[in-house]
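Asker: Structure file my_file.cif (mmCIF, C-alpha atoms; chains and numbers go by the auth columns) right here:
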```cif
data_work
#
loop_
_atom_site.group_PDB
_atom_site.id
_atom_site.type_symbol
_atom_site.label_atom_id
_atom_site.label_comp_id
_atom_site.label_asym_id
_atom_site.label_seq_id
_atom_site.Cartn_x
_atom_site.Cartn_y
_atom_site.Cartn_z
_atom_site.B_iso_or_equiv
_atom_site.auth_seq_id
_atom_site.auth_asym_id
ATOM 1 C CA MET A 1 0.000 0.000 0.000 0.00 1 I
ATOM 2 C CA LYS A 2 2.834 2.419 0.823 0.00 2 I
ATOM 3 C CA LEU A 3 4.429 1.737 -2.575 0.00 3 I
ATOM 4 C CA THR A 4 1.160 2.569 -4.365 0.00 4 I
ATOM 5 C CA MET A 5 0.775 5.863 -2.507 0.00 5 I
ATOM 6 C CA TRP A 6 4.428 6.727 -3.104 0.00 6 I
ATOM 7 C CA LEU A 7 4.013 6.075 -6.914 0.00 7 I
ATOM 8 C CA ALA A 8 0.822 8.156 -7.005 0.00 8 I
ATOM 9 C CA MET A 9 2.569 11.074 -5.299 0.00 9 I
ATOM 10 C CA LEU A 10 5.528 10.768 -7.681 0.00 10 I
ATOM 11 C CA ALA A 11 3.157 10.833 -10.663 0.00 11 I
ATOM 12 C CA LEU A 12 1.424 13.956 -9.370 0.00 12 I
ATOM 13 C CA LEU A 13 4.751 15.625 -8.737 0.00 13 I
ATOM 14 C CA CYS A 14 5.907 14.859 -12.300 0.00 14 I
ATOM 15 C CA LEU A 15 2.678 16.256 -13.752 0.00 15 I
ATOM 16 C CA GLY A 16 2.974 19.410 -11.684 0.00 16 I
ATOM 17 C CA VAL A 17 6.561 20.265 -12.555 0.00 17 I
ATOM 18 C CA GLY A 18 6.905 18.642 -15.963 0.00 18 I
ATOM 19 C CA CYS A 19 9.251 15.980 -14.600 0.00 19 I
ATOM 20 C CA GLY A 20 11.923 18.573 -13.922 0.00 20 I
ATOM 21 C CA SER A 21 12.392 19.654 -17.515 0.00 21 I
ATOM 22 C CA GLY A 22 12.016 23.311 -16.616 0.00 22 I
ATOM 23 C CA LYS A 23 10.075 23.862 -19.869 0.00 23 I
ATOM 24 C CA THR A 24 6.520 25.045 -20.030 0.00 24 I
ATOM 25 C CA ASN A 25 3.934 23.335 -22.166 0.00 25 I
ATOM 26 C CA SER A 26 2.559 26.479 -23.793 0.00 26 I
ATOM 27 C CA TYR A 27 1.709 26.317 -27.490 0.00 27 I
ATOM 28 C CA ILE A 28 3.227 28.901 -29.795 0.00 28 I
ATOM 29 C CA PRO A 29 1.690 28.817 -33.283 0.00 29 I
ATOM 30 C CA PRO A 30 4.065 28.985 -36.242 0.00 30 I
ATOM 31 C CA ALA A 31 4.469 32.371 -37.883 0.00 31 I
ATOM 32 C CA ALA A 32 2.259 32.793 -40.890 0.00 32 I
ATOM 33 C CA SER A 33 4.278 33.233 -44.047 0.00 33 I
ATOM 34 C CA SER A 34 1.261 34.371 -46.039 0.00 34 I
ATOM 35 C CA PRO A 35 -2.369 35.145 -45.364 0.00 35 I
ATOM 36 C CA THR A 36 -4.728 32.175 -45.173 0.00 36 I
ATOM 37 C CA PRO A 37 -6.293 31.620 -48.581 0.00 37 I
ATOM 38 C CA VAL A 38 -10.006 32.318 -48.669 0.00 38 I
ATOM 39 C CA PRO A 39 -12.019 30.038 -50.930 0.00 39 I
ATOM 40 C CA THR A 40 -13.880 31.916 -53.593 0.00 40 I
ATOM 41 C CA THR A 41 -17.337 30.973 -54.654 0.00 41 I
ATOM 42 C CA SER A 42 -18.860 32.428 -57.734 0.00 42 I
ATOM 43 C CA THR A 43 -22.335 32.047 -59.071 0.00 43 I
ATOM 44 C CA PRO A 44 -22.483 30.975 -62.704 0.00 44 I
ATOM 45 C CA MET A 45 -24.101 33.289 -65.192 0.00 45 I
ATOM 46 C CA ASP A 46 -27.606 32.274 -66.252 0.00 46 I
ATOM 47 C CA GLY A 47 -27.455 30.510 -69.601 0.00 47 I
ATOM 48 C CA ASN A 48 -26.848 27.247 -71.433 0.00 48 I
ATOM 49 C CA TYR A 49 -23.614 25.280 -71.073 0.00 49 I
ATOM 50 C CA SER A 50 -22.520 22.373 -73.268 0.00 50 I
ATOM 51 C CA ALA A 51 -20.747 19.393 -71.733 0.00 51 I
ATOM 52 C CA LYS A 52 -19.980 15.690 -72.047 0.00 52 I
ATOM 53 C CA GLY A 53 -20.469 12.856 -69.624 0.00 53 I
ATOM 54 C CA LYS A 54 -21.330 9.223 -69.004 0.00 54 I
ATOM 55 C CA VAL A 55 -24.757 8.062 -67.811 0.00 55 I
ATOM 56 C CA THR A 56 -24.490 6.249 -64.471 0.00 56 I
ATOM 57 C CA LYS A 57 -28.169 6.173 -63.426 0.00 57 I
ATOM 58 C CA ILE A 58 -31.558 7.035 -64.901 0.00 58 I
ATOM 59 C CA ASN A 59 -34.712 7.749 -62.893 0.00 59 I
ATOM 60 C CA LEU A 60 -37.677 7.833 -65.264 0.00 60 I
ATOM 61 C CA GLU A 61 -40.175 8.550 -62.466 0.00 61 I
ATOM 62 C CA LEU A 62 -38.361 11.664 -61.245 0.00 62 I
ATOM 63 C CA GLY A 63 -37.137 12.676 -64.673 0.00 63 I
ATOM 64 C CA SER A 64 -33.490 12.719 -63.694 0.00 64 I
ATOM 65 C CA VAL A 65 -30.208 11.357 -64.915 0.00 65 I
ATOM 66 C CA GLU A 66 -26.972 10.884 -62.995 0.00 66 I
ATOM 67 C CA LEU A 67 -23.877 11.745 -65.010 0.00 67 I
ATOM 68 C CA ASP A 68 -20.166 11.343 -64.447 0.00 68 I
ATOM 69 C CA HIS A 69 -19.459 14.553 -66.337 0.00 69 I
ATOM 70 C CA ASP A 70 -16.432 16.467 -67.530 0.00 70 I
ATOM 71 C CA ASP A 71 -15.701 20.021 -66.472 0.00 71 I
ATOM 72 C CA ILE A 72 -18.522 22.430 -67.259 0.00 72 I
ATOM 73 C CA PRO A 73 -16.544 25.658 -67.623 0.00 73 I
ATOM 74 C CA GLY A 74 -18.034 28.487 -65.637 0.00 74 I
ATOM 75 C CA VAL A 75 -20.418 26.178 -63.764 0.00 75 I
ATOM 76 C CA MET A 76 -18.717 23.250 -62.002 0.00 76 I
ATOM 77 C CA PRO A 77 -15.693 20.931 -62.061 0.00 77 I
ATOM 78 C CA PRO A 78 -15.903 17.297 -63.198 0.00 78 I
ATOM 79 C CA MET A 79 -18.006 15.197 -60.842 0.00 79 I
ATOM 80 C CA LEU A 80 -20.719 12.587 -60.460 0.00 80 I
ATOM 81 C CA MET A 81 -24.048 14.409 -60.160 0.00 81 I
ATOM 82 C CA GLU A 82 -27.749 13.870 -60.672 0.00 82 I
ATOM 83 C CA PHE A 83 -29.600 16.390 -62.836 0.00 83 I
ATOM 84 C CA TYR A 84 -33.278 16.851 -63.572 0.00 84 I
ATOM 85 C CA VAL A 85 -34.268 17.016 -67.227 0.00 85 I
ATOM 86 C CA LYS A 86 -36.619 19.662 -68.624 0.00 86 I
ATOM 87 C CA ASP A 87 -38.725 16.944 -70.287 0.00 87 I
ATOM 88 C CA LYS A 88 -38.769 13.252 -69.311 0.00 88 I
ATOM 89 C CA ALA A 89 -38.873 12.392 -73.033 0.00 89 I
ATOM 90 C CA LEU A 90 -35.211 13.462 -73.191 0.00 90 I
ATOM 91 C CA LEU A 91 -34.380 10.207 -71.371 0.00 91 I
ATOM 92 C CA ASP A 92 -35.969 7.987 -74.051 0.00 92 I
ATOM 93 C CA GLY A 93 -33.386 5.695 -75.603 0.00 93 I
ATOM 94 C CA LEU A 94 -30.669 6.425 -73.033 0.00 94 I
ATOM 95 C CA LYS A 95 -29.130 3.684 -70.926 0.00 95 I
ATOM 96 C CA VAL A 96 -26.543 3.401 -68.192 0.00 96 I
ATOM 97 C CA GLY A 97 -23.051 3.452 -69.707 0.00 97 I
ATOM 98 C CA ASP A 98 -23.939 5.729 -72.623 0.00 98 I
ATOM 99 C CA GLU A 99 -21.501 8.558 -73.378 0.00 99 I
ATOM 100 C CA VAL A 100 -23.497 11.726 -73.965 0.00 100 I
ATOM 101 C CA ASP A 101 -23.316 15.330 -75.073 0.00 101 I
ATOM 102 C CA PHE A 102 -25.698 17.506 -73.094 0.00 102 I
ATOM 103 C CA VAL A 103 -26.734 21.095 -72.580 0.00 103 I
ATOM 104 C CA LEU A 104 -27.160 22.274 -69.030 0.00 104 I
ATOM 105 C CA GLU A 105 -29.394 25.275 -68.499 0.00 105 I
ATOM 106 C CA TYR A 106 -28.403 27.297 -65.451 0.00 106 I
ATOM 107 C CA LYS A 107 -31.029 29.650 -64.006 0.00 107 I
ATOM 108 C CA HIS A 108 -29.988 30.689 -60.527 0.00 108 I
ATOM 109 C CA PRO A 109 -30.102 28.626 -58.401 0.00 109 I
ATOM 110 C CA ALA A 110 -31.027 25.544 -60.469 0.00 110 I
ATOM 111 C CA GLU A 111 -29.414 23.436 -63.175 0.00 111 I
ATOM 112 C CA THR A 112 -31.582 21.497 -65.636 0.00 112 I
ATOM 113 C CA ILE A 113 -30.631 19.415 -68.655 0.00 113 I
ATOM 114 C CA VAL A 114 -32.458 20.797 -71.687 0.00 114 I
ATOM 115 C CA ARG A 115 -30.810 18.622 -74.320 0.00 115 I
ATOM 116 C CA ILE A 116 -29.030 15.267 -74.108 0.00 116 I
ATOM 117 C CA LYS A 117 -27.809 13.076 -76.944 0.00 117 I
ATOM 118 C CA LYS A 118 -25.951 9.772 -77.006 0.00 118 I
ATOM 119 C CA ILE A 119 -22.518 10.035 -78.637 0.00 119 I
ATOM 120 C CA PRO A 120 -22.336 7.408 -81.402 0.00 120 I
#
```
I need this file expressed as structure tokens, please.

Answerer:
Amino acid sequence: MKLTMWLAMLALLCLGVGCGSGKTNSYIPPAASSPTPVPTTSTPMDGNYSAKGKVTKINLELGSVELDHDDIPGVMPPMLMEFYVKDKALLDGLKVGDEVDFVLEYKHPAETIVRIKKIP
């Protein structure tokens, strides 16, 4: 029992004085060499944007298509995204795996596919 108490007191002493290192444990952040970059977000201009992509999912009930698309300059980087179509008839004849050309209509704040065509 005496050994246990002695070890507990030694542990407390080490915590209190940093085990005799003489150093403090205060954090000093590194000097900033340049200002922190601030992400910029820009809203695309309303209009139609042409792009290419690959069909990964079709939802005929909702009238949507998921595309793994290339960069759409001025709108968004390449990504996998689901889009609604202006008319469900645009999905007729499309299937998963098809490479497509499409036109994305941007009207703040929504994107809608107004034309989509399988690339032969």

Asker: Within 9 Å of Gly63 in chain I, counting all atoms listed in the file, which residues qualify if same-chain residues fewer than 3 places away don't, as a PyMOL selection string?

Answerer: chain I and resi 58-60+83-91

Asker: Here's the selection I'm unsure about, the PyMOL selection byres ((chain I and resi 49-51) around 10); applied to the file above, which residues does it give, as a tab-separated table (two decimals) with C-alpha atoms, in the coordinates of the input?

Answerer:
```tsv
chain	number	residue	atom	x	y	z
I	45	MET	CA	-24.10	33.29	-65.19
I	46	ASP	CA	-27.61	32.27	-66.25
I	47	GLY	CA	-27.46	30.51	-69.60
I	48	ASN	CA	-26.85	27.25	-71.43
I	52	LYS	CA	-19.98	15.69	-72.05
I	53	GLY	CA	-20.47	12.86	-69.62
I	69	HIS	CA	-19.46	14.55	-66.34
I	70	ASP	CA	-16.43	16.47	-67.53
I	71	ASP	CA	-15.70	20.02	-66.47
I	72	ILE	CA	-18.52	22.43	-67.26
I	73	PRO	CA	-16.54	25.66	-67.62
I	74	GLY	CA	-18.03	28.49	-65.64
I	75	VAL	CA	-20.42	26.18	-63.76
I	100	VAL	CA	-23.50	11.73	-73.96
I	101	ASP	CA	-23.32	15.33	-75.07
I	102	PHE	CA	-25.70	17.51	-73.09
I	103	VAL	CA	-26.73	21.10	-72.58
I	104	LEU	CA	-27.16	22.27	-69.03
I	105	GLU	CA	-29.39	25.28	-68.50
I	106	TYR	CA	-28.40	27.30	-65.45
I	111	GLU	CA	-29.41	23.44	-63.18
I	113	ILE	CA	-30.63	19.42	-68.66
I	114	VAL	CA	-32.46	20.80	-71.69
I	115	ARG	CA	-30.81	18.62	-74.32
I	116	ILE	CA	-29.03	15.27	-74.11
```

Asker: As an exercise, work out the distance from CA of Glu66 in chain I to CA of Pro44 in chain I in Å and give it to one decimal place.

Answerer: 20.6 Å

Asker: Have a look at CA of Gly97 in chain I and CA of Met79 in chain I and let me know their distance in Å, one decimal.

Answerer: 15.6 Å

Asker: Have a look at CA of Asp68 in chain I and CA of Lys107 in chain I and let me know their distance in Å, one decimal.

Answerer: 21.3 Å

Asker: Could you give me the axis-aligned bounding box of range 74-92 of chain I, with 5 Å of padding per side, as centre plus edge lengths in Å to one decimal, as AutoDock Vina command-line options?

Answerer:
```
--center_x -27.3 --center_y 18.2 --center_z -67.1 --size_x 33.2 --size_y 30.5 --size_z 23.9
```

Asker: Counting all atoms listed in the file, which residue out of I:Lys117, I:Pro77, I:Ser42, I:Thr112 sits closest to Ser64 in chain I?

Answerer: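 So, comparing all the options, the nearest one is I:Thr112.
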
Asker: Counting only C-alpha atoms, which residue out of I:Glu61, I:Thr43, I:His108, I:Leu67 sits closest to Lys95 in chain I?

Answerer: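 Under the stated criterion, the closest residue is I:Leu67.
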